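Text of entry.cif (mmCIF, C-alpha atoms and all ligand atoms; chains and numbers go by the auth columns) as supplied:
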data_entry
#
loop_
_atom_site.group_PDB
_atom_site.id
_atom_site.type_symbol
_atom_site.label_atom_id
_atom_site.label_comp_id
_atom_site.label_asym_id
_atom_site.label_seq_id
_atom_site.Cartn_x
_atom_site.Cartn_y
_atom_site.Cartn_z
_atom_site.B_iso_or_equiv
_atom_site.auth_seq_id
_atom_site.auth_asym_id
ATOM 1 C CA MET A 1 23.847 -5.308 7.649 0.00 1 A
ATOM 2 C CA ALA A 2 20.852 -4.741 5.472 0.00 2 A
ATOM 3 C CA LYS A 3 18.708 -5.787 8.391 0.00 3 A
ATOM 4 C CA THR A 4 19.973 -2.970 10.576 0.00 4 A
ATOM 5 C CA ARG A 5 19.215 -0.446 7.906 0.00 5 A
ATOM 6 C CA VAL A 6 15.661 -1.640 7.515 0.00 6 A
ATOM 7 C CA LYS A 7 15.107 -1.546 11.247 0.00 7 A
ATOM 8 C CA ALA A 8 16.237 2.032 11.419 0.00 8 A
ATOM 9 C CA LYS A 9 13.788 2.982 8.694 0.00 9 A
ATOM 10 C CA ALA A 10 10.980 1.156 10.419 0.00 10 A
ATOM 11 C CA LYS A 11 11.595 3.307 13.452 0.00 11 A
ATOM 12 C CA ALA A 12 11.362 6.414 11.369 0.00 12 A
ATOM 13 C CA GLY A 13 8.080 5.068 10.071 0.00 13 A
ATOM 14 C CA ALA A 14 6.751 4.637 13.561 0.00 14 A
ATOM 15 C CA ARG A 15 6.958 8.367 14.027 0.00 15 A
ATOM 16 C CA GLY A 16 4.619 8.749 11.115 0.00 16 A
ATOM 17 C CA LYS A 17 6.965 10.285 8.603 0.00 17 A
ATOM 18 C CA VAL A 18 5.481 11.202 5.268 0.00 18 A
ATOM 19 C CA ARG A 19 7.660 12.293 2.451 0.00 19 A
ATOM 20 C CA THR A 20 7.256 13.039 -1.171 0.00 20 A
ATOM 21 C CA ALA A 21 10.324 13.334 -3.271 0.00 21 A
ATOM 22 C CA GLY A 22 11.703 13.729 -6.721 0.00 22 A
ATOM 23 C CA VAL A 23 13.371 10.914 -8.570 0.00 23 A
ATOM 24 C CA GLY A 24 16.758 11.259 -6.899 0.00 24 A
ATOM 25 C CA ALA A 25 15.371 10.437 -3.505 0.00 25 A
ATOM 26 C CA GLY A 26 12.965 8.019 -5.107 0.00 26 A
ATOM 27 C CA VAL A 27 15.763 5.626 -5.814 0.00 27 A
ATOM 28 C CA VAL A 28 16.551 5.481 -2.124 0.00 28 A
ATOM 29 C CA LEU A 29 12.906 5.239 -1.098 0.00 29 A
ATOM 30 C CA ALA A 30 12.311 2.317 -3.392 0.00 30 A
ATOM 31 C CA ALA A 31 15.349 0.520 -2.070 0.00 31 A
ATOM 32 C CA VAL A 32 14.093 1.101 1.436 0.00 32 A
ATOM 33 C CA LEU A 33 10.644 -0.247 0.708 0.00 33 A
ATOM 34 C CA ALA A 34 12.175 -3.335 -0.871 0.00 34 A
ATOM 35 C CA THR A 35 12.742 -4.748 2.602 0.00 35 A
ATOM 36 C CA GLY A 36 15.632 -7.128 2.713 0.00 36 A
ATOM 37 C CA ALA A 37 16.812 -6.259 -0.788 0.00 37 A
ATOM 38 C CA ALA A 38 20.415 -5.421 -1.472 0.00 38 A
ATOM 39 C CA SER A 39 21.684 -2.035 -0.331 0.00 39 A
ATOM 40 C CA PRO A 40 21.149 0.810 -2.755 0.00 40 A
ATOM 41 C CA ALA A 41 24.186 1.214 -4.957 0.00 41 A
ATOM 42 C CA GLY A 42 23.838 4.707 -6.282 0.00 42 A
ATOM 43 C CA PRO A 43 21.346 6.193 -8.701 0.00 43 A
ATOM 44 C CA ALA A 44 22.004 3.623 -11.389 0.00 44 A
ATOM 45 C CA GLY A 45 21.338 0.840 -8.855 0.00 45 A
ATOM 46 C CA PRO A 46 21.870 -2.696 -10.110 0.00 46 A
ATOM 47 C CA ALA A 47 18.690 -4.076 -11.601 0.00 47 A
ATOM 48 C CA ASN A 48 18.781 -7.407 -9.886 0.00 48 A
ATOM 49 C CA PRO A 49 15.304 -8.856 -9.611 0.00 49 A
ATOM 50 C CA ALA A 50 16.735 -12.344 -9.260 0.00 50 A
ATOM 51 C CA ALA A 51 18.055 -11.467 -5.821 0.00 51 A
ATOM 52 C CA GLY A 52 14.490 -11.032 -4.637 0.00 52 A
ATOM 53 C CA PRO A 53 13.765 -9.509 -1.269 0.00 53 A
ATOM 54 C CA SER A 54 13.840 -12.084 1.468 0.00 54 A
ATOM 55 C CA GLY A 55 11.276 -10.045 3.360 0.00 55 A
ATOM 56 C CA ALA A 56 8.541 -10.585 0.774 0.00 56 A
ATOM 57 C CA ALA A 57 5.926 -12.823 2.264 0.00 57 A
ATOM 58 C CA ASP A 58 4.631 -14.395 -0.881 0.00 58 A
ATOM 59 C CA GLY A 59 7.487 -14.009 -3.319 0.00 59 A
ATOM 60 C CA THR A 60 5.995 -10.838 -4.775 0.00 60 A
ATOM 61 C CA PRO A 61 8.848 -9.032 -6.490 0.00 61 A
ATOM 62 C CA ALA A 62 9.794 -5.607 -5.217 0.00 62 A
ATOM 63 C CA LEU A 63 8.202 -3.920 -8.178 0.00 63 A
ATOM 64 C CA LEU A 64 9.071 -0.361 -7.349 0.00 64 A
ATOM 65 C CA GLY A 65 12.677 -1.150 -6.570 0.00 65 A
ATOM 66 C CA GLY A 66 13.032 -3.136 -9.754 0.00 66 A
ATOM 67 C CA LEU A 67 11.669 -0.398 -11.948 0.00 67 A
ATOM 68 C CA VAL A 68 13.806 2.278 -10.450 0.00 68 A
ATOM 69 C CA GLY A 69 16.811 0.071 -10.969 0.00 69 A
ATOM 70 C CA GLY A 70 15.954 0.141 -14.655 0.00 70 A
ATOM 71 C CA GLY A 71 15.971 3.919 -14.561 0.00 71 A
ATOM 72 C CA LEU A 72 14.170 4.299 -17.875 0.00 72 A
ATOM 73 C CA ASP A 73 11.236 6.472 -16.948 0.00 73 A
ATOM 74 C CA GLY A 74 12.718 8.221 -13.968 0.00 74 A
ATOM 75 C CA GLN A 75 12.728 11.764 -15.290 0.00 75 A
ATOM 76 C CA SER A 76 9.092 12.540 -14.672 0.00 76 A
ATOM 77 C CA ALA A 77 8.385 10.214 -11.747 0.00 77 A
ATOM 78 C CA ARG A 78 6.955 11.535 -8.510 0.00 78 A
ATOM 79 C CA TRP A 79 6.836 9.557 -5.284 0.00 79 A
ATOM 80 C CA MET A 80 4.842 9.228 -2.111 0.00 80 A
ATOM 81 C CA ARG A 81 5.958 7.049 0.745 0.00 81 A
ATOM 82 C CA ALA A 82 4.267 6.763 4.111 0.00 82 A
ATOM 83 C CA SER A 83 4.192 4.445 7.071 0.00 83 A
ATOM 84 C CA ALA A 84 2.454 4.149 10.396 0.00 84 A
ATOM 85 C CA VAL A 85 1.797 1.917 13.375 0.00 85 A
ATOM 86 C CA PHE A 86 -1.719 0.607 13.912 0.00 86 A
ATOM 87 C CA ALA A 87 -3.530 1.605 17.086 0.00 87 A
ATOM 88 C CA GLN A 88 -7.061 1.365 18.341 0.00 88 A
ATOM 89 C CA ALA A 89 -9.298 4.399 18.130 0.00 89 A
ATOM 90 C CA GLU A 90 -10.205 5.453 21.649 0.00 90 A
ATOM 91 C CA GLY A 91 -12.580 8.304 22.326 0.00 91 A
ATOM 92 C CA ALA A 92 -11.580 11.376 20.388 0.00 92 A
ATOM 93 C CA ARG A 93 -8.180 9.896 19.601 0.00 93 A
ATOM 94 C CA LYS A 94 -8.106 8.921 15.947 0.00 94 A
ATOM 95 C CA PRO A 95 -4.799 7.340 14.895 0.00 95 A
ATOM 96 C CA ARG A 96 -3.575 7.678 11.319 0.00 96 A
ATOM 97 C CA ALA A 97 -3.565 3.871 11.161 0.00 97 A
ATOM 98 C CA VAL A 98 -6.460 2.386 13.068 0.00 98 A
ATOM 99 C CA THR A 99 -7.260 -1.241 13.766 0.00 99 A
ATOM 100 C CA HIS A 100 -10.908 -2.257 13.918 0.00 100 A
ATOM 101 C CA ASP A 101 -10.127 -5.913 14.691 0.00 101 A
ATOM 102 C CA PRO A 102 -7.074 -6.495 16.918 0.00 102 A
ATOM 103 C CA THR A 103 -7.286 -10.265 16.389 0.00 103 A
ATOM 104 C CA LEU A 104 -6.397 -9.760 12.700 0.00 104 A
ATOM 105 C CA VAL A 105 -4.427 -6.506 13.002 0.00 105 A
ATOM 106 C CA PRO A 106 -3.015 -6.046 16.511 0.00 106 A
ATOM 107 C CA ALA A 107 -2.077 -2.635 17.839 0.00 107 A
ATOM 108 C CA GLY A 108 1.634 -2.157 17.158 0.00 108 A
ATOM 109 C CA ALA A 109 1.509 -3.819 13.722 0.00 109 A
ATOM 110 C CA ARG A 110 2.982 -1.641 10.988 0.00 110 A
ATOM 111 C CA VAL A 111 1.949 -0.601 7.510 0.00 111 A
ATOM 112 C CA ARG A 112 3.880 1.066 4.714 0.00 112 A
ATOM 113 C CA VAL A 113 2.839 2.278 1.311 0.00 113 A
ATOM 114 C CA ALA A 114 4.765 3.660 -1.648 0.00 114 A
ATOM 115 C CA GLN A 115 3.337 5.211 -4.788 0.00 115 A
ATOM 116 C CA LYS A 116 5.160 6.110 -7.988 0.00 116 A
ATOM 117 C CA VAL A 117 3.407 8.396 -10.458 0.00 117 A
ATOM 118 C CA THR A 118 4.587 8.867 -14.035 0.00 118 A
ATOM 119 C CA GLY A 119 3.027 10.202 -17.209 0.00 119 A
ATOM 120 C CA GLN A 120 1.996 6.658 -18.043 0.00 120 A
ATOM 121 C CA GLY A 121 0.155 5.928 -14.807 0.00 121 A
ATOM 122 C CA MET A 122 1.135 4.819 -11.339 0.00 122 A
ATOM 123 C CA GLU A 123 2.405 1.951 -9.257 0.00 123 A
ATOM 124 C CA ILE A 124 1.541 1.302 -5.660 0.00 124 A
ATOM 125 C CA GLU A 125 3.146 -1.063 -3.193 0.00 125 A
ATOM 126 C CA ALA A 126 1.826 -1.909 0.257 0.00 126 A
ATOM 127 C CA GLU A 127 3.526 -3.777 3.066 0.00 127 A
ATOM 128 C CA VAL A 128 2.376 -4.917 6.491 0.00 128 A
ATOM 129 C CA HIS A 129 4.380 -6.228 9.434 0.00 129 A
ATOM 130 C CA GLY A 130 3.226 -7.996 12.543 0.00 130 A
ATOM 131 C CA VAL A 131 -0.321 -8.870 11.528 0.00 131 A
ATOM 132 C CA ARG A 132 -1.758 -12.415 11.615 0.00 132 A
ATOM 133 C CA PRO A 133 0.617 -15.001 10.115 0.00 133 A
ATOM 134 C CA GLY A 134 -0.546 -17.043 7.129 0.00 134 A
ATOM 135 C CA HIS A 135 -3.611 -14.924 6.540 0.00 135 A
ATOM 136 C CA THR A 136 -4.937 -13.421 3.306 0.00 136 A
ATOM 137 C CA TYR A 137 -6.212 -9.866 3.539 0.00 137 A
ATOM 138 C CA GLY A 138 -8.215 -8.013 0.940 0.00 138 A
ATOM 139 C CA VAL A 139 -6.563 -4.604 0.596 0.00 139 A
ATOM 140 C CA HIS A 140 -7.900 -1.604 -1.330 0.00 140 A
ATOM 141 C CA VAL A 141 -7.559 2.133 -1.753 0.00 141 A
ATOM 142 C CA HIS A 142 -10.657 3.847 -0.373 0.00 142 A
ATOM 143 C CA THR A 143 -11.956 7.382 -0.883 0.00 143 A
ATOM 144 C CA GLN A 144 -12.176 8.748 2.668 0.00 144 A
ATOM 145 C CA PRO A 145 -9.800 9.006 5.620 0.00 145 A
ATOM 146 C CA CYS A 146 -10.006 6.414 8.362 0.00 146 A
ATOM 147 C CA GLY A 147 -12.170 6.973 11.377 0.00 147 A
ATOM 148 C CA ALA A 148 -13.150 5.219 14.571 0.00 148 A
ATOM 149 C CA ALA A 149 -15.969 3.502 12.657 0.00 149 A
ATOM 150 C CA PRO A 150 -14.906 1.070 9.917 0.00 150 A
ATOM 151 C CA ASP A 151 -17.303 2.694 7.433 0.00 151 A
ATOM 152 C CA ALA A 152 -15.579 6.073 7.731 0.00 152 A
ATOM 153 C CA SER A 153 -13.163 5.176 4.931 0.00 153 A
ATOM 154 C CA GLY A 154 -15.984 5.310 2.377 0.00 154 A
ATOM 155 C CA PRO A 155 -16.245 3.301 -0.827 0.00 155 A
ATOM 156 C CA HIS A 156 -13.409 2.055 -3.011 0.00 156 A
ATOM 157 C CA TYR A 157 -11.641 4.512 -5.271 0.00 157 A
ATOM 158 C CA GLN A 158 -12.770 3.846 -8.855 0.00 158 A
ATOM 159 C CA ASP A 159 -11.244 5.283 -12.012 0.00 159 A
ATOM 160 C CA ARG A 160 -14.596 5.030 -13.774 0.00 160 A
ATOM 161 C CA LYS A 161 -17.208 5.494 -11.087 0.00 161 A
ATOM 162 C CA ASP A 162 -20.010 2.979 -10.972 0.00 162 A
ATOM 163 C CA PRO A 163 -23.255 5.000 -11.013 0.00 163 A
ATOM 164 C CA LYS A 164 -24.683 2.345 -8.700 0.00 164 A
ATOM 165 C CA GLN A 165 -23.136 2.380 -5.217 0.00 165 A
ATOM 166 C CA PRO A 166 -22.153 0.302 -3.370 0.00 166 A
ATOM 167 C CA SER A 167 -20.469 -1.054 -6.447 0.00 167 A
ATOM 168 C CA THR A 168 -20.503 -4.838 -6.826 0.00 168 A
ATOM 169 C CA ASP A 169 -20.594 -4.933 -10.636 0.00 169 A
ATOM 170 C CA PRO A 170 -17.422 -6.600 -11.952 0.00 170 A
ATOM 171 C CA ALA A 171 -17.444 -4.098 -14.835 0.00 171 A
ATOM 172 C CA TYR A 172 -16.482 -1.436 -12.269 0.00 172 A
ATOM 173 C CA ALA A 173 -15.383 -3.360 -9.187 0.00 173 A
ATOM 174 C CA ASN A 174 -12.273 -4.975 -10.593 0.00 174 A
ATOM 175 C CA ARG A 175 -8.515 -4.735 -10.122 0.00 175 A
ATOM 176 C CA HIS A 176 -8.055 -2.541 -13.187 0.00 176 A
ATOM 177 C CA ASN A 177 -10.636 0.073 -12.242 0.00 177 A
ATOM 178 C CA GLU A 178 -9.867 0.019 -8.509 0.00 178 A
ATOM 179 C CA VAL A 179 -6.628 -0.421 -6.586 0.00 179 A
ATOM 180 C CA TRP A 180 -6.459 -3.906 -5.095 0.00 180 A
ATOM 181 C CA LEU A 181 -3.446 -4.970 -3.046 0.00 181 A
ATOM 182 C CA ASP A 182 -4.574 -8.273 -1.565 0.00 182 A
ATOM 183 C CA LEU A 183 -1.740 -9.945 0.298 0.00 183 A
ATOM 184 C CA THR A 184 -0.991 -13.131 2.188 0.00 184 A
ATOM 185 C CA THR A 185 1.300 -12.942 5.188 0.00 185 A
ATOM 186 C CA ASP A 186 4.234 -15.215 5.961 0.00 186 A
ATOM 187 C CA ASP A 187 4.739 -17.085 9.226 0.00 187 A
ATOM 188 C CA LYS A 188 5.846 -13.863 10.915 0.00 188 A
ATOM 189 C CA GLY A 189 2.790 -11.907 9.846 0.00 189 A
ATOM 190 C CA ASN A 190 4.574 -9.884 7.179 0.00 190 A
ATOM 191 C CA GLY A 191 3.236 -9.399 3.669 0.00 191 A
ATOM 192 C CA ARG A 192 3.525 -7.233 0.605 0.00 192 A
ATOM 193 C CA ALA A 193 1.687 -6.582 -2.635 0.00 193 A
ATOM 194 C CA SER A 194 2.031 -4.226 -5.567 0.00 194 A
ATOM 195 C CA THR A 195 -0.076 -3.159 -8.497 0.00 195 A
ATOM 196 C CA SER A 196 0.082 -0.743 -11.410 0.00 196 A
ATOM 197 C CA GLN A 197 -2.529 1.311 -13.221 0.00 197 A
ATOM 198 C CA LYS A 198 -2.599 3.277 -16.449 0.00 198 A
ATOM 199 C CA TRP A 199 -4.485 6.122 -14.763 0.00 199 A
ATOM 200 C CA HIS A 200 -4.005 8.579 -11.890 0.00 200 A
ATOM 201 C CA PHE A 201 -6.015 9.378 -8.794 0.00 201 A
ATOM 202 C CA ARG A 202 -8.215 12.453 -8.952 0.00 202 A
ATOM 203 C CA GLN A 203 -7.007 15.066 -6.480 0.00 203 A
ATOM 204 C CA GLY A 204 -8.209 14.414 -2.945 0.00 204 A
ATOM 205 C CA GLU A 205 -10.296 11.351 -3.783 0.00 205 A
ATOM 206 C CA ALA A 206 -7.915 8.578 -2.715 0.00 206 A
ATOM 207 C CA ARG A 207 -7.500 8.920 1.037 0.00 207 A
ATOM 208 C CA SER A 208 -6.882 5.574 2.690 0.00 208 A
ATOM 209 C CA LEU A 209 -5.643 2.010 2.449 0.00 209 A
ATOM 210 C CA VAL A 210 -8.081 -0.467 3.984 0.00 210 A
ATOM 211 C CA LEU A 211 -7.373 -4.034 5.084 0.00 211 A
ATOM 212 C CA HIS A 212 -10.323 -6.419 4.949 0.00 212 A
ATOM 213 C CA GLU A 213 -10.812 -9.758 6.643 0.00 213 A
ATOM 214 C CA HIS A 214 -10.372 -11.972 3.556 0.00 214 A
ATOM 215 C CA ALA A 215 -9.420 -11.977 -0.135 0.00 215 A
ATOM 216 C CA THR A 216 -11.411 -9.810 -2.525 0.00 216 A
ATOM 217 C CA HIS A 217 -14.347 -11.388 -4.362 0.00 217 A
ATOM 218 C CA THR A 218 -14.645 -10.948 -8.120 0.00 218 A
ATOM 219 C CA GLY A 219 -18.052 -12.475 -8.988 0.00 219 A
ATOM 220 C CA ARG A 220 -21.175 -10.610 -10.045 0.00 220 A
ATOM 221 C CA GLY A 221 -23.060 -9.082 -7.131 0.00 221 A
ATOM 222 C CA GLU A 222 -20.102 -9.446 -4.754 0.00 222 A
ATOM 223 C CA ALA A 223 -17.158 -8.044 -6.725 0.00 223 A
ATOM 224 C CA GLY A 224 -14.845 -5.899 -4.645 0.00 224 A
ATOM 225 C CA GLN A 225 -16.160 -7.210 -1.348 0.00 225 A
ATOM 226 C CA ALA A 226 -13.678 -8.721 1.067 0.00 226 A
ATOM 227 C CA GLY A 227 -15.520 -8.996 4.340 0.00 227 A
ATOM 228 C CA ASP A 228 -15.242 -6.660 7.297 0.00 228 A
ATOM 229 C CA ARG A 229 -12.842 -3.730 7.350 0.00 229 A
ATOM 230 C CA VAL A 230 -10.270 -4.820 9.917 0.00 230 A
ATOM 231 C CA ALA A 231 -7.817 -1.910 9.702 0.00 231 A
ATOM 232 C CA CYS A 232 -7.300 1.375 7.884 0.00 232 A
ATOM 233 C CA PHE A 233 -4.364 3.671 7.109 0.00 233 A
ATOM 234 C CA THR A 234 -4.962 7.304 6.138 0.00 234 A
ATOM 235 C CA ALA A 235 -2.368 7.623 3.374 0.00 235 A
ATOM 236 C CA PRO A 236 -1.422 10.760 1.408 0.00 236 A
ATOM 237 C CA PHE A 237 -1.814 9.346 -2.090 0.00 237 A
ATOM 238 C CA ILE A 238 -0.849 11.759 -4.839 0.00 238 A
ATOM 239 C CA SER A 239 -2.846 12.576 -7.947 0.00 239 A
ATOM 240 C CA GLY A 240 -1.819 13.063 -11.557 0.00 240 A
ATOM 241 C CA ALA A 241 -1.935 16.844 -11.125 0.00 241 A
ATOM 242 C CA ARG A 242 1.348 18.693 -10.825 0.00 242 A
HETATM 243 CU CU CU B . -12.030 -2.175 0.494 0.00 1 B
#
Go ahead and express the file in the form of structure tokens.
Ligand SMILES: [Cu+2]
Amino acid sequence: MAKTRVKAKAKAGARGKVRTAGVGAGVVLAAVLATGAASPAGPAGPANPAAGPSGAADGTPALLGGLVGGGLDGQSARWMRASAVFAQAEGARKPRAVTHDPTLVPAGARVRVAQKVTGQGMEIEAEVHGVRPGHTYGVHVHTQPCGAAPDASGPHYQDRKDPKQPSTDPAYANRHNEVWLDLTTDDKGNGRASTSQKWHFRQGEARSLVLHEHATHTGRGEAGQAGDRVACFTAPFISGAR
């Protein structure tokens, strides 16, 4: 039953729906993103992290769904949820989700992202379907929209900007100052990751979610690097501004 519901939503995603919503709808959105989780049971929703989503590739808990179930900080939360299907850029055609390497991210694979913004900060969850099974991708929020060229997505979004770009200094290029959503896919090529930050994006400076060919490095001189950019999703991340 739950499976049917998720399928229907995936279809909606394929049409490139983008919605932002207040907290009421947020409860539903979170339940939807928590693929395979129990059906939403009203605004109070049972907080039931033990019944983890079967769809999670690596056992990552459905963070957004869990928090909403708690319902403690819901009053001021704002949400963004977006999804798309990857396609190759051909000529002037520039898809919202573009694959640069079809061997790692085939055309037709799907991506979804959800973002919850509160006065305390934000949480972001990313999910991919139908990419390479058993593979670890480095995944980050970048500052520019996707383009036909992998470099179009610009550098990583940083809360405190490294004066030296490209930034490979672990003091700036780290998971607390940037948004990292590295994920490892299951045997069906599905994966999910989530992260939280105590800060907000500056308006218009967080424009895309980029998948890289391998996990993100953390050492000096290579921090934040994760190999080639294999796919990119132009996502409408929201800032802290109201
Ligand atoms: Cu990146």
*asked:* At a cut-off of 10 Å, using all atoms listed in the file, what residues contact stretch 207-223 of chain A? Leave out same-chain residues fewer than 6 positions from it and give the result as an NGL selection string.
replied: :A and (96-101 or 104-105 or 111-113 or 126 or 128 or 135-146 or 150 or 153-154 or 156-157 or 167-175 or 179-184 or 201 or 229-238)
*Using the chain letters and numbers from the file, give me the residues hit by the PyMOL selection byres (((chain A and resi 241) around 9) and not hetatm), as a ChimeraX atom specification.*
/A:200-203,238-240,242
*Among the residues A:Gln115, A:Gln225, A:Gln88, A:Gln120, the one that comes closest to ligand CU 1 (chain B) [using only C-alpha atoms and all ligand atoms]*: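 Closest residue, counting only C-alpha atoms and all ligand atoms: A:Gln225.
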_Nearby residues (all atoms listed in the file) at most 10 Å from A:Lys188, same-chain spacing under 2 positions excluded, as a list in words_ = Ala57, His129, Gly130, Val131, Arg132, Pro133, Gly134, Thr185, Asp186, Asn190 and Gly191 of chain A
_Just checking: using all atoms listed in the file, which residue out of A:Ile124, A:Ala148, A:Ala82, A:Ala226 ends up closest to ligand CU 1 (chain B)?_
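Residue with the minimum atom-to-atom distance to ligand CU 1 (chain B): A:Ala226.
When all atoms listed in the file are used to compute distances to ligand CU 1 (chain B), the closest of the residues A:Asp187, A:Glu178, A:Glu205, A:Glu90 turns out to be A:Glu178.
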*asked:* One number please: atom CA of A:Trp79 to atom CA of A:Ala114, in Å, one decimal.
replied: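 Separation of atom CA of A:Trp79 and atom CA of A:Ala114: 7.2 Å.
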*One decimal, Å: what's the distance from atom CA of A:Ala77 over to atom CA of A:Ser194, could you say?*
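Atom-to-atom, atom CA of A:Ala77 and atom CA of A:Ser194 are spaced 16.9 Å apart.
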*With only C-alpha atoms and all ligand atoms as the atoms that count, which of A:Ala92, A:Ala152, A:Ala107, A:Ala87 lies nearest to ligand CU 1 (chain B)?*
A:Ala152
*What is the distance between atom CA of A:Asp159 and atom CA of A:Gly121, in Å to one decimal?*
11.8 Å
_Residues matched by the PyMOL selection byres (((chain A and resi 196) around 6) and not hetatm) as a PyMOL selection string_ = chain A and resi 122-123+195+197
*Kindly indicate which residue among A:Lys198, A:Gln158, A:Ala193, A:Thr103 lies nearest to ligand CU 1 (chain B), using all atoms listed in the file for the distances.*
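Of the candidates, the smallest distance to ligand CU 1 (chain B) is held by A:Gln158.
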*Between A:Ala149, A:Ala109, A:Trp199, A:Pro155, which one has atoms that come closest to ligand CU 1 (chain B), using only C-alpha atoms and all ligand atoms?*
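Of A:Ala149, A:Ala109, A:Trp199, A:Pro155, the one nearest ligand CU 1 (chain B), counting only C-alpha atoms and all ligand atoms, is A:Pro155.
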